[in-house]
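*Asks:* Encoded as structure tokens, here's the structure I'll be asking about.
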Amino acid sequence: MLALTVRVVFTGATWLFTVLTLALLPIFCVTTSVRLAINALPLYTYGFQRFGVSEVTGIAPADLERVARAFIAYFNGPQEWLEVRVPVRGVERSLFNQREVIHMRDVRVLVRGVYRVQEVSGGVIALGVLLGFLKRGRVFVGRVLLVGGWLALGVLVVAGVALAVAFPWLFTLFHIIAFRNPYWQLDPSRDMLIQLFPEGFWYLATMVVAGASLAQATLVMALGWVLRRRTKRG
């Protein structure tokens, strides 16, 4: 009786984690890509160069790299408030006003939330795959990954098309939903934060995240196909 109970529980857990794996794969791909983008110094420096940020802000390219490193350190460090001082048109000053600093604290909370979602979804997927291997074998795991990869790819393609077509509207909607105060509403004529990261920068970053997410979904599909193929040959 105990053995039967354990078997039923184990089988139920396997299917539960299989369903969760299928559901969480798109979320894991996106949050992983977002985390990589947030910490990718070349993305910052390329964006600064492409959108002429040095000319707009009066900050030298070398100092802009320092700014980018400060943002990365802020998102991953313990400090609550962002403080960055660099020369602006030859005069060293603090870059951000109080409104911008408060907004960045809100952004940091959001970023940390993305980190946690990525870690939890990744852990659940890993556990689901492990249970699948132990209970059903490689064919089953390969099938789950193949189907999960296809589902993730479909979701990501639809989302990517929507973002490409209606990015400004969706970008504004995201801010309305994500932030409960008006501090995200900045003035590009005077607020350094929006001068550093214009809308074009965010469109670029979003496309990078979309591309990286699609690549991950494709890799999951490939892994599922390889597992099934190797097992059938064995």
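Letters for chains follow the order of the structure tokens (A, B, ...), residue numbers begin at 1 for each chain, and ligand numbers begin at 1 in the order shown.
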Phe71 in chain A: which residues within 12 Å, counting only C-alpha atoms, same-chain residues fewer than 2 positions away excluded, as a PyMOL selection string?

*Replies:* chain A and resi 38-41+44+64-69+73-77+79+81-84+101+104-105+107-108+111+193+196-197

*Asks:* Go through range 22-112 of chain A residue by residue and, counting only C-alpha atoms, keep those with an atom at most 10 Å from range 135-148 of chain A; for each kept residue give the shortest atom pair and its distance in Å to one decimal, ordered by chain and increasing number, as a tab-separated table.

*Replies:*
residue	atom	partner	partner_atom	distance
A:Leu22	CA	A:Gly148	CA	4.8
A:Ala23	CA	A:Gly148	CA	7.8
A:Leu24	CA	A:Gly148	CA	8.9
A:Leu25	CA	A:Gly148	CA	6.6
A:Pro26	CA	A:Gly148	CA	8.4

*Asks:* Could you give me, as a list in words, the residues within 12 Å of Leu153 in chain A, counting only C-alpha atoms and dropping anything in the same chain fewer than 3 positions from it?

*Replies:* Leu22, Leu25, Pro26, Ile27, Cys29, Val30, Leu145, Leu146, Val147, Gly148, Gly149, Trp150, Leu156, Val157, Val158, Ala159, Gly160, Ala210, Gly211, Ala212, Ser213, Leu214, Ala215, Gln216, Ala217, Thr218, Leu219, Val220 and Met221 of chain A

*Asks:* Rank nothing, just name the residue among A:Leu170, A:Ile102, A:Val56, A:Ile125 nearest to Val88 in chain A, using only C-alpha atoms.

*Replies:*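 Result for the nearest residue to Val88 in chain A: A:Val56.
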
*Asks:* Could you pull the residues within 12 Å of Arg50 in chain A, counting only C-alpha atoms, minus those fewer than 2 positions along the same chain, as a count of residues only?

*Replies:* 19

*Asks:* Set the distance at 12 Å and use only C-alpha atoms: which residues neighbour Gly90 in chain A once local chain neighbours fewer than 6 positions away are removed? I'd like the list as a list in words.

*Replies:*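 With the cut-off at 12 Å, the set is Thr57, Gly58, Ile59, Ala60 and Asp63 of chain A.
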
*Asks:* Out of A:Arg228, A:Arg89, A:Arg99, A:Arg112, which residue has the shortest atom-to-atom distance to Asp187 in chain A when counting only C-alpha atoms?

*Replies:*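 Using only C-alpha atoms, Asp187 in chain A sits closest to A:Arg99.
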
*Asks:* Mind checking DSSP for range 43-157 of chain A and telling me the strand (DSSP E) residues as number ranges by chain?

*Replies:* A: 85-88, 91-94

*Asks:* Would you write out those residues with C-alpha atoms, as an mmCIF file, in the first residue's frame?

*Replies:*
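To be explicit, this is the file written out as again_21.cif:
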data_model
loop_
_atom_site.group_PDB
_atom_site.id
_atom_site.type_symbol
_atom_site.label_atom_id
_atom_site.label_comp_id
_atom_site.auth_asym_id
_atom_site.auth_seq_id
_atom_site.Cartn_x
_atom_site.Cartn_y
_atom_site.Cartn_z
ATOM 1 C CA ARG A 85 28.983 61.539 -10.677
ATOM 2 C CA VAL A 86 30.821 62.144 -13.951
ATOM 3 C CA PRO A 87 31.949 65.211 -15.926
ATOM 4 C CA VAL A 88 29.160 66.772 -17.972
ATOM 5 C CA VAL A 91 32.049 69.933 -15.091
ATOM 6 C CA GLU A 92 31.727 66.995 -12.695
ATOM 7 C CA ARG A 93 28.246 66.721 -11.244
ATOM 8 C CA SER A 94 25.647 64.328 -9.957
#

*Asks:* What parts of range 34-93 of chain A does DSSP call alpha helix (DSSP H)? I'd like the answer as a ChimeraX atom specification.

*Replies:* /A:34-38,41-50,53-57,61-76

*Asks:* What is the distance between CA of Thr172 in chain A and CA of His103 in chain A, in Å to one decimal?

*Replies:*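 Taking CA of Thr172 in chain A as the start and CA of His103 in chain A as the end point, the length is 14.8 Å.
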
*Asks:* Find the residue from A:Gly154, A:Ser33, A:Glu119, A:Glu100 that sits nearest to Gln185 in chain A; use only C-alpha atoms when measuring.

*Replies:*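 Between A:Gly154, A:Ser33, A:Glu119, A:Glu100, the residue approaching Gln185 in chain A most closely is A:Glu100.
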
*Asks:* Which one is closest to Tyr115 in chain A: A:Thr21, A:Thr206, A:Thr31, A:Gln195? Count only C-alpha atoms.

*Replies:*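 Residue with the minimum atom-to-atom distance to Tyr115 in chain A: A:Thr31.
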
*Asks:* Please determine, counting only C-alpha atoms, which residue among A:Ala178, A:Val209, A:Leu131, A:Val165 has the shortest atom-to-atom distance to Val109 in chain A.

*Replies:*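 Once distances to Val109 in chain A are computed over only C-alpha atoms, the minimum belongs to A:Ala178.
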
*Asks:* Just the number, please: distance in Å from CA of Met207 in chain A to CA of Val114 in chain A, one decimal.

*Replies:*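 These two atoms are separated by 17.6 Å.
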
*Asks:* I'd like the interatomic distance between CA of Val155 in chain A and CA of Arg180 in chain A, to a tenth of an Å.

*Replies:* 27.6 Å

*Asks:* Would you mind listing what lies within 12 Å of Phe174 in chain A as a list of chain:residue names, with only C-alpha atoms counted and same-chain residues fewer than 5 positions away left out?

*Replies:*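 Close residues of Phe174 in chain A: A:Leu110, A:Leu163, A:Phe167, A:Pro168, A:Trp169, A:Phe179, A:Arg180, A:Trp184.
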
*Asks:* Which of these, A:Ala205, A:Phe51, A:Ile177, A:Leu95, has the shortest distance to Ala164 in chain A once you count only C-alpha atoms?

*Replies:* A:Ala205
